[in-house]
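Heads up, work37.cif below (mmCIF, C-alpha atoms and all ligand atoms):
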```cif
data_query
loop_
_atom_site.label_atom_id
_atom_site.label_comp_id
_atom_site.auth_asym_id
_atom_site.auth_seq_id
_atom_site.Cartn_x
_atom_site.Cartn_y
_atom_site.Cartn_z
CA MET A 24 -127.81 -8.60 -24.56
CA ASN A 25 -125.16 -9.67 -26.99
CA LEU A 26 -123.23 -6.55 -28.02
CA ARG A 27 -121.65 -8.25 -31.06
CA GLY A 28 -122.97 -6.38 -34.11
CA LYS A 29 -125.15 -4.04 -32.02
CA LYS A 30 -125.43 -0.40 -33.14
CA ILE A 31 -125.05 1.94 -30.19
CA LEU A 32 -125.61 5.69 -30.16
CA LEU A 33 -123.64 7.28 -27.32
CA GLY A 34 -124.97 10.64 -26.10
CA ILE A 35 -122.50 12.77 -24.16
CA THR A 36 -123.48 15.75 -22.00
CA GLY A 37 -121.59 18.46 -20.14
CA GLY A 38 -120.23 16.77 -17.04
CA ILE A 39 -116.74 16.27 -15.74
CA ALA A 40 -117.01 12.54 -16.54
CA ALA A 41 -117.31 13.31 -20.28
CA TYR A 42 -113.68 12.23 -20.75
CA LYS A 43 -114.62 8.74 -19.49
CA ALA A 44 -117.00 8.41 -22.43
CA CYS A 45 -113.89 7.90 -24.62
CA GLU A 46 -113.04 4.72 -22.73
CA LEU A 47 -116.67 3.61 -22.71
CA LEU A 48 -116.79 3.97 -26.50
CA ARG A 49 -113.63 1.86 -26.90
CA ILE A 50 -114.92 -0.87 -24.56
CA LEU A 51 -118.24 -1.09 -26.41
CA GLN A 52 -116.33 -1.43 -29.69
CA LYS A 53 -114.09 -4.12 -28.21
CA ARG A 54 -117.18 -6.06 -27.22
CA GLY A 55 -118.34 -6.04 -30.83
CA ALA A 56 -120.61 -2.97 -31.05
CA GLU A 57 -120.52 -0.19 -33.65
CA VAL A 58 -120.73 3.19 -31.90
CA ARG A 59 -121.75 6.67 -33.08
CA VAL A 60 -121.83 9.80 -30.95
CA SER A 61 -124.07 12.80 -30.29
CA MET A 62 -122.97 15.63 -27.99
CA THR A 63 -124.53 18.64 -26.31
CA PRO A 64 -122.78 21.97 -27.00
CA GLU A 65 -121.72 22.00 -23.32
CA ALA A 66 -120.15 18.53 -23.63
CA THR A 67 -117.84 19.76 -26.39
CA LYS A 68 -116.28 22.17 -23.86
CA PHE A 69 -115.15 19.15 -21.82
CA VAL A 70 -113.88 16.89 -24.65
CA GLY A 71 -113.47 17.88 -28.30
CA THR A 72 -115.49 16.30 -31.09
CA THR A 73 -112.29 15.35 -32.95
CA THR A 74 -111.60 12.64 -30.37
CA PHE A 75 -115.02 11.07 -30.77
CA THR A 76 -115.02 11.35 -34.57
CA ALA A 77 -111.66 9.59 -34.63
CA LEU A 78 -112.67 6.90 -32.14
CA SER A 79 -116.06 6.16 -33.67
CA GLY A 80 -115.08 6.66 -37.32
CA PHE A 81 -118.26 8.70 -37.91
CA PRO A 82 -119.18 12.39 -37.68
CA VAL A 83 -120.34 13.44 -34.23
CA TYR A 84 -123.86 14.84 -34.23
CA ILE A 85 -123.38 18.20 -32.52
CA LYS A 86 -125.69 20.81 -33.99
CA THR A 87 -129.43 20.96 -34.42
CA GLU A 88 -129.04 23.20 -37.44
CA ASP A 89 -126.37 23.35 -40.15
CA THR A 90 -125.78 19.58 -40.45
CA GLY A 91 -124.55 20.06 -44.02
CA SER A 92 -125.00 17.01 -46.22
CA LYS A 93 -126.74 15.20 -43.33
CA PRO A 94 -129.84 17.32 -42.66
CA PHE A 95 -131.70 14.60 -40.74
CA GLN A 96 -128.98 13.42 -38.37
CA HIS A 97 -131.34 13.88 -35.39
CA ILE A 98 -133.52 11.10 -36.75
CA ASP A 99 -130.90 9.28 -38.84
CA TYR A 100 -128.73 8.40 -35.84
CA PRO A 101 -131.57 7.22 -33.55
CA ARG A 102 -133.09 5.25 -36.43
CA TRP A 103 -129.75 3.61 -37.15
CA ALA A 104 -129.20 2.68 -33.48
CA ASP A 105 -130.43 -0.41 -31.60
CA ILE A 106 -129.55 1.24 -28.28
CA TYR A 107 -129.17 4.85 -27.15
CA ILE A 108 -127.08 5.42 -24.04
CA VAL A 109 -126.46 8.85 -22.56
CA ALA A 110 -123.29 8.68 -20.49
CA PRO A 111 -122.55 10.83 -18.61
CA CYS A 112 -125.98 12.43 -18.30
CA SER A 113 -126.06 15.86 -16.62
CA ALA A 114 -128.88 17.11 -14.38
CA THR A 115 -129.78 19.61 -17.12
CA SER A 116 -130.07 16.91 -19.81
CA LEU A 117 -132.16 14.74 -17.50
CA ALA A 118 -134.54 17.67 -17.06
CA ARG A 119 -134.74 18.10 -20.85
CA PHE A 120 -135.54 14.40 -21.35
CA ALA A 121 -138.23 14.47 -18.67
CA ALA A 122 -139.75 17.67 -20.08
CA GLY A 123 -139.71 16.43 -23.69
CA SER A 124 -137.45 19.25 -24.81
CA GLY A 125 -135.35 18.74 -27.92
CA GLU A 126 -133.34 21.91 -27.99
CA GLU A 127 -129.96 20.31 -28.66
CA PRO A 128 -128.70 17.05 -30.28
CA VAL A 129 -128.66 14.68 -27.28
CA SER A 130 -132.23 15.44 -26.19
CA LEU A 131 -133.41 15.55 -29.81
CA CYS A 132 -132.07 12.01 -30.31
CA PHE A 133 -133.75 11.02 -27.04
CA LEU A 134 -137.11 12.12 -28.45
CA ALA A 135 -136.50 10.50 -31.84
CA MET A 136 -135.24 7.15 -30.44
CA GLN A 137 -137.77 4.32 -30.59
CA GLY A 138 -135.49 1.54 -29.33
CA GLU A 139 -133.89 0.80 -25.98
CA LYS A 140 -132.72 3.84 -23.98
CA TRP A 141 -130.16 3.96 -21.17
CA VAL A 142 -129.11 6.88 -19.00
CA VAL A 143 -126.09 7.14 -16.70
CA PRO A 144 -126.54 10.18 -14.43
CA ALA A 145 -123.36 11.59 -12.89
CA MET A 146 -123.12 14.71 -10.75
CA ASN A 147 -122.42 16.10 -7.31
CA TYR A 148 -124.24 14.06 -4.63
CA VAL A 149 -126.40 16.99 -3.43
CA MET A 150 -127.54 17.60 -7.02
CA TYR A 151 -128.19 13.86 -7.47
CA ASN A 152 -130.32 13.64 -4.32
CA SER A 153 -132.25 16.82 -5.09
CA PRO A 154 -136.03 16.39 -5.57
CA PRO A 155 -136.10 17.54 -9.24
CA VAL A 156 -133.33 15.13 -10.29
CA GLN A 157 -134.98 12.24 -8.42
CA ARG A 158 -138.37 13.14 -9.89
CA ASN A 159 -136.92 13.27 -13.42
CA LEU A 160 -135.23 9.88 -12.95
CA GLU A 161 -138.53 8.43 -11.71
CA THR A 162 -140.31 9.83 -14.78
CA LEU A 163 -137.77 8.25 -17.13
CA LYS A 164 -137.99 4.90 -15.28
CA ASN A 165 -141.77 4.95 -15.68
CA TRP A 166 -141.27 5.40 -19.41
CA GLY A 167 -139.12 2.28 -19.51
CA VAL A 168 -135.76 4.04 -19.74
CA ASN A 169 -132.99 1.98 -18.10
CA ILE A 170 -131.10 3.92 -15.45
CA ILE A 171 -127.59 2.88 -14.43
CA GLU A 172 -127.21 4.32 -10.95
CA PRO A 173 -124.08 6.30 -10.14
CA ASP A 174 -121.54 4.92 -7.68
CA CYS A 175 -120.87 6.22 -4.19
CA GLY A 176 -117.39 7.57 -3.66
CA HIS A 177 -114.95 10.40 -4.07
CA LEU A 178 -116.42 12.90 -6.56
CA ALA A 179 -114.46 15.15 -8.94
CA CYS A 180 -115.60 18.19 -6.90
CA GLY A 181 -113.70 16.77 -3.91
CA GLU A 182 -116.78 15.67 -1.95
CA GLU A 183 -117.93 12.16 -1.06
CA GLY A 184 -121.32 10.70 -1.94
CA LYS A 185 -123.55 9.07 -4.54
CA GLY A 186 -123.14 10.62 -7.97
CA LYS A 187 -119.88 9.19 -9.31
CA PHE A 188 -119.75 7.99 -12.93
CA PRO A 189 -119.34 4.17 -12.76
CA GLU A 190 -116.28 2.51 -14.30
CA PRO A 191 -116.84 2.31 -18.10
CA ALA A 192 -116.40 -1.50 -18.01
CA GLU A 193 -119.22 -1.71 -15.48
CA ILE A 194 -121.49 0.40 -17.68
CA ALA A 195 -120.72 -1.93 -20.60
CA ASP A 196 -121.43 -4.91 -18.28
CA ALA A 197 -124.83 -3.44 -17.40
CA LEU A 198 -125.72 -3.20 -21.11
CA GLU A 199 -124.29 -6.58 -22.01
CA PHE A 200 -125.28 -8.66 -19.00
CA GLY A 201 -128.35 -6.86 -17.56
CA GLY A 202 -131.93 -7.46 -18.65
CA ASN A 203 -134.52 -10.13 -18.00
CA LYS A 204 -133.36 -13.64 -17.23
CA GLU A 205 -135.41 -16.67 -18.12
CA LYS A 206 -133.04 -19.56 -17.55
CA THR A 207 -130.46 -20.17 -14.86
CA LEU A 208 -126.93 -21.46 -15.15
CA LEU A 209 -125.09 -22.71 -12.08
CA ILE A 210 -121.36 -22.79 -12.66
CA THR A 211 -118.35 -23.61 -10.51
CA ILE A 212 -115.26 -21.51 -11.28
CA GLY A 213 -111.67 -21.26 -10.11
CA ARG A 214 -109.75 -23.64 -7.87
CA THR A 215 -110.18 -24.97 -4.35
CA GLU A 216 -107.66 -24.55 -1.56
CA GLU A 217 -107.47 -27.39 0.98
CA ALA A 218 -105.89 -26.09 4.15
CA ILE A 219 -102.95 -27.94 5.69
CA ASP A 220 -102.41 -25.35 8.43
CA PRO A 221 -103.17 -21.61 8.73
CA VAL A 222 -100.41 -20.87 6.21
CA ARG A 223 -100.33 -23.67 3.64
CA TYR A 224 -102.80 -25.41 1.39
CA ILE A 225 -103.11 -27.93 -1.46
CA SER A 226 -104.35 -26.36 -4.69
CA ASN A 227 -103.76 -26.06 -8.44
CA ARG A 228 -103.11 -23.46 -11.11
CA SER A 229 -106.68 -22.73 -12.30
CA SER A 230 -107.18 -18.98 -12.92
CA GLY A 231 -110.95 -19.09 -13.47
CA LYS A 232 -110.64 -17.55 -16.97
CA THR A 233 -112.54 -20.31 -18.78
CA GLY A 234 -115.36 -20.28 -16.22
CA ALA A 235 -115.60 -16.48 -16.35
CA ALA A 236 -115.81 -16.58 -20.18
CA ILE A 237 -118.64 -19.13 -19.94
CA ALA A 238 -120.47 -17.04 -17.31
CA ARG A 239 -120.24 -13.96 -19.56
CA GLU A 240 -121.47 -15.87 -22.63
CA PHE A 241 -124.59 -17.14 -20.82
CA LEU A 242 -125.26 -13.73 -19.22
CA ARG A 243 -125.08 -11.91 -22.54
CA ASN A 244 -127.55 -14.43 -23.97
CA GLY A 245 -130.12 -13.66 -21.28
CA TRP A 246 -129.38 -16.33 -18.66
CA ARG A 247 -129.23 -15.71 -14.94
CA VAL A 248 -125.83 -16.97 -13.79
CA ILE A 249 -124.98 -18.18 -10.28
CA ALA A 250 -121.25 -18.75 -9.89
CA VAL A 251 -119.81 -20.78 -7.03
CA CYS A 252 -116.26 -19.48 -7.04
CA GLY A 253 -113.14 -20.69 -5.40
CA PRO A 254 -110.05 -18.50 -5.33
CA MET A 255 -109.33 -17.16 -8.84
CA GLU A 256 -107.82 -14.25 -10.75
CA ALA A 257 -110.51 -13.78 -13.43
CA ARG A 258 -113.02 -10.95 -13.05
CA LEU A 259 -116.77 -11.61 -13.07
CA PRO A 260 -119.33 -8.92 -13.93
CA LYS A 261 -121.60 -7.64 -11.14
CA GLN A 262 -124.58 -9.16 -12.94
CA CYS A 263 -123.26 -12.61 -12.03
CA GLU A 264 -124.55 -13.80 -8.63
CA THR A 265 -121.45 -15.01 -6.87
CA VAL A 266 -120.97 -17.34 -3.91
CA HIS A 267 -117.38 -17.43 -2.65
CA ILE A 268 -116.03 -20.67 -1.21
CA GLN A 269 -112.58 -21.88 -0.23
CA ASN A 270 -112.45 -25.67 -0.41
CA ALA A 271 -114.10 -28.69 -2.05
CA GLU A 272 -116.35 -29.37 0.94
CA SER A 273 -117.83 -25.84 0.91
CA MET A 274 -118.13 -25.88 -2.91
CA ASN A 275 -120.04 -29.16 -2.71
CA HIS A 276 -122.35 -27.67 -0.08
CA ALA A 277 -122.99 -24.46 -2.10
CA VAL A 278 -123.66 -26.38 -5.33
CA PHE A 279 -126.05 -28.69 -3.52
CA GLU A 280 -127.97 -25.68 -2.11
CA MET A 281 -128.23 -23.85 -5.47
CA ARG A 282 -128.74 -26.93 -7.67
CA PRO A 283 -132.58 -26.93 -7.75
CA GLN A 284 -132.66 -23.45 -9.36
CA ALA A 285 -130.48 -24.41 -12.32
CA ASP A 286 -131.45 -25.37 -15.87
CA ALA A 287 -127.82 -26.27 -16.53
CA ILE A 288 -124.85 -26.91 -14.25
CA VAL A 289 -121.31 -26.41 -15.52
CA HIS A 290 -118.56 -28.00 -13.44
CA CYS A 291 -115.68 -25.86 -14.57
CA ALA A 292 -113.82 -25.41 -11.26
CA ALA A 293 -110.61 -27.33 -10.66
CA VAL A 294 -111.60 -29.10 -7.45
CA ALA A 295 -108.91 -30.83 -5.44
CA ASP A 296 -109.53 -34.59 -5.28
CA TYR A 297 -107.97 -34.87 -1.84
CA SER A 298 -107.57 -32.67 1.23
CA PRO A 299 -105.58 -33.08 4.45
CA LYS A 300 -107.38 -35.31 6.97
CA THR A 301 -107.01 -32.62 9.60
CA GLU A 302 -106.12 -28.93 9.41
CA ALA A 303 -103.41 -28.09 11.95
CA GLU A 304 -104.43 -25.20 14.20
CA GLN A 305 -100.92 -23.75 14.21
CA LYS A 306 -98.31 -23.58 11.49
CA ILE A 307 -96.59 -26.96 11.20
CA LYS A 308 -92.95 -26.49 12.12
CA ASN A 309 -90.20 -27.45 9.77
CA SER A 310 -90.16 -31.06 10.86
CA ARG A 311 -90.82 -34.47 9.38
CA ALA A 312 -94.57 -33.99 10.04
CA MET A 313 -94.99 -32.71 6.47
CA GLU A 314 -93.57 -35.88 4.97
CA MET A 315 -96.49 -37.80 6.39
CA LEU A 316 -99.43 -35.62 5.35
CA GLU A 317 -102.53 -37.81 5.59
CA LEU A 318 -105.17 -37.17 2.95
CA LYS A 319 -108.87 -37.89 2.65
CA GLU A 320 -110.98 -38.04 -0.49
CA ASN A 321 -113.07 -34.94 -1.23
CA PRO A 322 -116.75 -35.10 -2.19
CA ASN A 323 -117.32 -35.79 -5.88
CA ILE A 324 -119.40 -32.74 -6.79
CA LEU A 325 -120.03 -33.85 -10.37
CA ARG A 326 -121.28 -37.27 -9.25
CA ASN A 327 -123.49 -35.67 -6.57
CA THR A 328 -125.24 -33.39 -9.05
CA ILE A 329 -125.69 -36.16 -11.63
CA GLU A 330 -127.20 -38.48 -9.02
CA ASN A 331 -129.64 -35.77 -7.89
CA LYS A 332 -130.38 -34.05 -11.17
CA SER A 333 -133.88 -33.38 -12.49
CA ALA A 334 -134.90 -34.75 -15.89
CA GLU A 335 -134.57 -31.37 -17.63
CA GLN A 336 -131.26 -30.32 -16.06
CA LYS A 337 -128.18 -30.39 -18.30
CA ILE A 338 -124.92 -31.34 -16.62
CA ILE A 339 -121.65 -30.24 -18.15
CA ALA A 340 -118.43 -31.82 -16.92
CA PHE A 341 -114.86 -30.68 -17.51
CA ALA A 342 -111.80 -32.85 -17.89
CA LEU A 343 -108.28 -31.55 -17.80
CA GLU A 344 -105.84 -33.97 -19.40
CA THR A 345 -102.11 -33.69 -19.86
CA GLU A 346 -101.77 -36.93 -21.87
CA ASN A 347 -104.01 -39.22 -23.96
CA ALA A 348 -106.64 -36.50 -23.80
CA ILE A 349 -109.05 -38.06 -26.30
CA GLU A 350 -109.04 -41.56 -24.77
CA ASN A 351 -109.18 -40.32 -21.17
CA ALA A 352 -111.92 -37.79 -21.85
CA THR A 353 -114.05 -40.27 -23.80
CA LYS A 354 -113.77 -42.74 -20.91
CA LYS A 355 -114.65 -40.07 -18.31
CA PHE A 356 -117.60 -38.92 -20.42
CA GLU A 357 -119.03 -42.44 -20.74
CA GLU A 358 -118.56 -43.23 -17.05
CA SER A 359 -119.80 -39.88 -15.70
CA GLY A 360 -123.29 -39.70 -17.19
CA ALA A 361 -122.82 -35.99 -17.96
CA ASP A 362 -124.69 -34.52 -20.97
CA ILE A 363 -121.64 -32.66 -22.23
CA LEU A 364 -117.95 -32.91 -21.43
CA VAL A 365 -115.34 -30.30 -22.26
CA VAL A 366 -111.79 -31.56 -22.33
CA ASN A 367 -108.88 -29.18 -22.23
CA THR A 368 -105.16 -29.68 -22.35
CA PRO A 369 -103.74 -26.54 -20.83
CA VAL A 370 -100.09 -27.46 -20.75
CA SER A 371 -98.91 -26.34 -24.15
CA ASN A 372 -96.81 -23.18 -24.08
CA LYS A 373 -99.38 -21.40 -26.28
CA GLY A 374 -102.29 -21.56 -23.86
CA GLY A 375 -103.71 -22.87 -20.63
CA PHE A 376 -103.66 -21.68 -17.03
CA GLY A 377 -104.12 -17.92 -16.78
CA LYS A 378 -103.91 -17.50 -20.58
CA ASP A 379 -106.64 -16.47 -22.99
CA PHE A 380 -106.21 -19.51 -25.26
CA VAL A 381 -106.45 -23.25 -24.70
CA GLU A 382 -106.58 -26.52 -26.60
CA PHE A 383 -110.03 -28.02 -26.17
CA GLY A 384 -112.66 -30.44 -27.47
CA ILE A 385 -116.34 -30.94 -26.62
CA LEU A 386 -118.23 -34.23 -26.34
CA SER A 387 -122.03 -34.21 -26.32
CA LYS A 388 -124.62 -36.95 -25.82
CA ASN A 389 -126.64 -35.41 -28.65
CA ALA A 390 -123.82 -35.34 -31.17
CA SER A 391 -124.35 -37.73 -34.09
CA GLU A 392 -120.57 -38.15 -34.36
CA LYS A 393 -119.15 -39.78 -31.23
CA SER A 394 -115.51 -39.14 -32.02
CA PHE A 395 -114.04 -35.69 -31.45
CA SER A 396 -110.82 -33.83 -31.89
CA LEU A 397 -108.94 -31.12 -30.04
CA ALA A 398 -108.67 -27.62 -31.46
CA TYR A 399 -106.72 -24.60 -30.35
CA GLY A 400 -108.87 -21.55 -29.65
CA SER A 401 -109.70 -18.75 -27.26
CA LYS A 402 -111.58 -19.38 -24.04
CA GLU A 403 -114.29 -17.08 -25.45
CA GLU A 404 -114.66 -19.47 -28.43
CA LEU A 405 -114.89 -22.42 -26.07
CA ALA A 406 -117.62 -20.57 -24.12
CA LEU A 407 -119.58 -19.75 -27.30
CA GLN A 408 -119.45 -23.35 -28.55
CA LEU A 409 -120.56 -24.63 -25.15
CA TYR A 410 -123.40 -22.09 -24.96
CA GLU A 411 -124.64 -23.09 -28.43
CA LEU A 412 -124.61 -26.76 -27.49
CA VAL A 413 -126.43 -26.23 -24.18
CA SER A 414 -129.05 -23.88 -25.63
CA SER A 415 -129.76 -26.09 -28.64
CA ALA A 416 -130.11 -29.31 -26.61
C1 LIG B 501 -116.26 21.97 -14.44
C2 LIG B 501 -117.71 21.61 -14.51
C3 LIG B 501 -118.12 20.34 -14.19
C4 LIG B 501 -119.46 20.00 -14.23
N1 LIG B 501 -119.82 18.71 -13.94
C5 LIG B 501 -121.14 18.38 -13.96
C6 LIG B 501 -121.54 17.06 -13.66
O1 LIG B 501 -120.70 16.18 -13.37
N2 LIG B 501 -122.85 16.75 -13.72
C7 LIG B 501 -123.81 17.69 -14.04
O2 LIG B 501 -124.99 17.35 -14.06
N3 LIG B 501 -123.44 18.95 -14.34
C8 LIG B 501 -122.14 19.32 -14.31
N4 LIG B 501 -121.77 20.60 -14.62
C9 LIG B 501 -122.82 21.55 -15.02
C10 LIG B 501 -123.22 21.32 -16.46
O3 LIG B 501 -122.11 21.45 -17.31
C11 LIG B 501 -124.30 22.32 -16.85
O4 LIG B 501 -125.47 22.03 -16.10
C12 LIG B 501 -124.64 22.28 -18.32
O5 LIG B 501 -125.71 23.15 -18.55
C13 LIG B 501 -125.02 20.90 -18.81
O6 LIG B 501 -125.50 21.01 -20.13
P1 LIG B 501 -125.83 19.80 -21.05
O7 LIG B 501 -126.70 18.86 -20.29
O8 LIG B 501 -126.53 20.44 -22.19
O9 LIG B 501 -124.56 19.19 -21.49
C14 LIG B 501 -120.43 20.98 -14.58
C15 LIG B 501 -120.00 22.27 -14.93
C16 LIG B 501 -118.68 22.60 -14.88
C17 LIG B 501 -118.27 23.98 -15.25
#
```
Is it possible to give me this structure as structure tokens?
Amino acid sequence: MNLRGKKILLGITGGIAAYKACELLRILQKRGAEVRVSMTPEATKFVGTTTFTALSGFPVYIKTEDTGSKPFQHIDYPRWADIYIVAPCSATSLARFAAGSGEEPVSLCFLAMQGEKWVVPAMNYVMYNSPPVQRNLETLKNWGVNIIEPDCGHLACGEEGKGKFPEPAEIADALEFGGNKEKTLLITIGRTEEAIDPVRYISNRSSGKTGAAIAREFLRNGWRVIAVCGPMEARLPKQCETVHIQNAESMNHAVFEMRPQADAIVHCAAVADYSPKTEAEQKIKNSRAMEMLELKENPNILRNTIENKSAEQKIIAFALETENAIENATKKFEESGADILVVNTPVSNKGGFGKDFVEFGILSKNASEKSFSLAYGSKEELALQLYELVSSA
């Protein structure tokens, strides 16, 4: 689900992870959502309401009576919200939800909320595994409430087990990138590393940031995303199905395997054109052997997918140009047979490898105007433009 412009009500209950709700609120805002807060009286003993009023910019709904000029906050906030997420959710609050009790603000909002509901239970692992908590979670699931399961790990009480509040970014990922998937994107991301010996390799500077931005854009718009990833620095959300590869040969193999499932294939990875003919078993000594490195051509993954593509599949190529970008990209586009080509020139000092910005242009078979120009923008903007082109084609 796209969080841009979404209205999210964040319910906070009395658990030690309540302080992490501050970060969750900020992350949801950064991803474009407007957030308001309701708290149980117990939650206010863990983190004060002033923090959440300041962060959200709205009064926190904390009392079932005495709401002053806002007498119907218990229905106003749920009615305003597109999504209600209770994070962290205590065992006690879970029990209230399952029993239909509305004795304090968070459970009252739960009863009054008609839209999508999410719950993030967090507690000691023995409490989490106890029959009443598991029964209450099952009841909520049967009512269509989305449950984000706690992590396994070191708990605040000093014990180890399942019950840990997940990282706030992962909770935001679950909201943004979870849900039903109707179409599938196959995307290659990152760089390849072609081994020379056990120590050295041929590679390039791709960080995977552009590919990761594209994967996120398709995920948030309800696509299933399979990413064939070479080495890279960019982070992908858990909701992205990821296949890790090292070199062009293994990327070609993985893409070929996954290709039939895809409605669109984006060739974003920076694949080495050549690799050493043989990989030395031992480190090559400092000798003249390196001066004579023999290379062989790598498989052309783009050509392979275009030659084997189904009629409905969209193929998106990437071109990285450091000079004559428009002429070179136009030529590559015409020769390749791809449906869309994204050209980027990542060598300016303002953007490019590992940065959040890049100079780019997009060529499409469907465009009425065959000429195109380069524009400077964020990799997120590139991803959005590409998504709109692919989904409208
Ligand atoms: C220091 C401390 C930490 C607690 N942490 C949790 C917790 O992580 N999860 C939980 O379910 N209850 C936890 N509790 C117990 C709840 O605060 C207690 O059940 C309370 O009634 C929850 O009320 P609420 O759901 O109305 O906020 C903790 C209690 C204390 C004193």
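Look at everything within 8 Å of (-124.9, -6.3, -18.9) using all atoms listed in the file, and the residues you get are Met24, Ile194, Ala195, Asp196, Ala197, Leu198, Glu199, Phe200, Gly201, Gly202, Leu242, Arg243, Pro260 and Gln262 of chain A.
For the choices A:Cys45, A:Ala56, A:Leu364, A:Ile35, the atom-to-atom distance to A:Leu409 is smallest for A:Leu364 when using all atoms listed in the file.
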Do you know which residues are within 10 Å of ligand LIG 501 (chain B) using all atoms listed in the file? Can you write them as a PyMOL selection string? chain A and resi 34-41+62-69+111-120+126-130+144-148+150-151+156+178-180+186-188
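Atom CA of A:Arg27 lies 28.0 Å from atom CA of A:Ser229.
When all atoms listed in the file are used to compute distances to A:Ala390, the closest of the residues A:Lys43, A:Val266, A:Ala238, A:Ile363 turns out to be A:Ile363.
You will find atom CA of A:Asn227 at 26.5 Å from atom CA of A:Glu330.
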Close residues, A:Leu208 itself excluded, 9 Å, all atoms listed in the file, min 2 positions apart in chain, as a VMD selection string: chain A and resid 206 210 238 241 to 242 246 to 250 284 to 289
With C-alpha atoms kept, could you save the residues just selected as a compact mmCIF listing (two decimals), keeping the file's coordinate frame?
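So the final result, stored in result38.txt, reads:
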```txt
# COMPACT_ATOMS: atom_id res chain seq x y z
CA LYS A 206 -133.04 -19.56 -17.55
CA ILE A 210 -121.36 -22.79 -12.66
CA ALA A 238 -120.47 -17.04 -17.31
CA PHE A 241 -124.59 -17.14 -20.82
CA LEU A 242 -125.26 -13.73 -19.22
CA TRP A 246 -129.38 -16.33 -18.66
CA ARG A 247 -129.23 -15.71 -14.94
CA VAL A 248 -125.83 -16.97 -13.79
CA ILE A 249 -124.98 -18.18 -10.28
CA ALA A 250 -121.25 -18.75 -9.89
CA GLN A 284 -132.66 -23.45 -9.36
CA ALA A 285 -130.48 -24.41 -12.32
CA ASP A 286 -131.45 -25.37 -15.87
CA ALA A 287 -127.82 -26.27 -16.53
CA ILE A 288 -124.85 -26.91 -14.25
CA VAL A 289 -121.31 -26.41 -15.52
```
Which one of A:Asn244, A:Ser298, A:Ala257, A:Lys306 sits closest to A:Tyr410 if you count all atoms listed in the file? A:Asn244
Closest of A:Leu160, A:Leu412, A:Leu405, A:Ile339 to A:Lys232, counting all atoms listed in the file, is A:Leu405
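Closest approach to A:Thr207 from the set A:Gly360, A:Pro155, A:Pro283, A:Gly377 is made by A:Pro283, with distances taken over all atoms listed in the file.
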Can you pull out the residues contacting A:Asp105? Cut-off 7 Å, using all atoms listed in the file, and skip same-chain residues under 6 positions away; I want them as an NGL selection string. :A and (29-31 or 138-139)
Given the choices A:Ser230, A:Ser394, A:Asn331, A:Asn203, which gets closest to A:Thr353 if the distance is worked out from all atoms listed in the file? A:Ser394
Which residues are near A:Leu318? Cut-off 9 Å, all atoms listed in the file, ignore same chain within fewer than 5 positions. Put them as a PyMOL selection string. chain A and resi 297-301
Give me, as a tab-separated table, the closest atom pair and its distance (Å, one decimal) for every residue of stretch 235-325 of chain A within a cut-off of 12 Å of stretch 398-403 of chain A, counting all atoms listed in the file, rows sorted by chain and rising number.
```
residue	atom	partner	partner_atom	distance
A:Ala235	CA	A:Lys402	CA	9.1
A:Ala236	CA	A:Glu403	CA	5.5
A:Ile237	CA	A:Glu403	CA	7.3
A:Ala238	CA	A:Glu403	CA	10.2
A:Arg239	CA	A:Glu403	CA	8.9
A:Glu240	CA	A:Glu403	CA	7.8
A:Phe241	CA	A:Glu403	CA	11.3
```
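Atom CA of A:Asn367 is positioned 26.7 Å from atom CA of A:Ala218.
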Please determine an axis-aligned box that encloses all atoms of stretch 148-167 of chain A listed in the file, with 6 Å added on each side, and express its centre and edge lengths in Å to one decimal as lines of an AutoDock Vina configuration file.
```
center_x = -133.0
center_y = 9.9
center_z = -11.5
size_x = 29.5
size_y = 27.3
size_z = 28.1
```
Neighbour residues at most 6 Å from (-123.2, 3.9, -19.8) (all atoms listed in the file) as a JSON list (two decimals) with C-alpha atoms, in the coordinates of the input:
```
[["chain", "number", "residue", "atom", "x", "y", "z"],
["A", 108, "ILE", "CA", -127.08, 5.42, -24.04],
["A", 110, "ALA", "CA", -123.29, 8.68, -20.49],
["A", 143, "VAL", "CA", -126.09, 7.14, -16.70],
["A", 194, "ILE", "CA", -121.49, 0.40, -17.68]]
```
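For A:Ala104, the non-local neighbours within 12 Å, defined as residues at least 6 positions apart in the same chain or in other chains and counting all atoms listed in the file, are Gly28, Lys29, Lys30, Ile31, Leu32, Leu33, Gly34, Ala56, Glu57, Val58, Arg59, Val60, Ser61, Gln96, His97, Ile98, Cys132, Phe133, Ala135, Met136, Gln137, Gly138, Glu139 and Lys140 of chain A.
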Pick out the residues sitting within 6 Å of A:Cys252, and hand them over as a VMD selection string; count all atoms listed in the file, and ignore anything fewer than 6 positions along from it in its own chain. chain A and resid 211 to 213 267 to 268
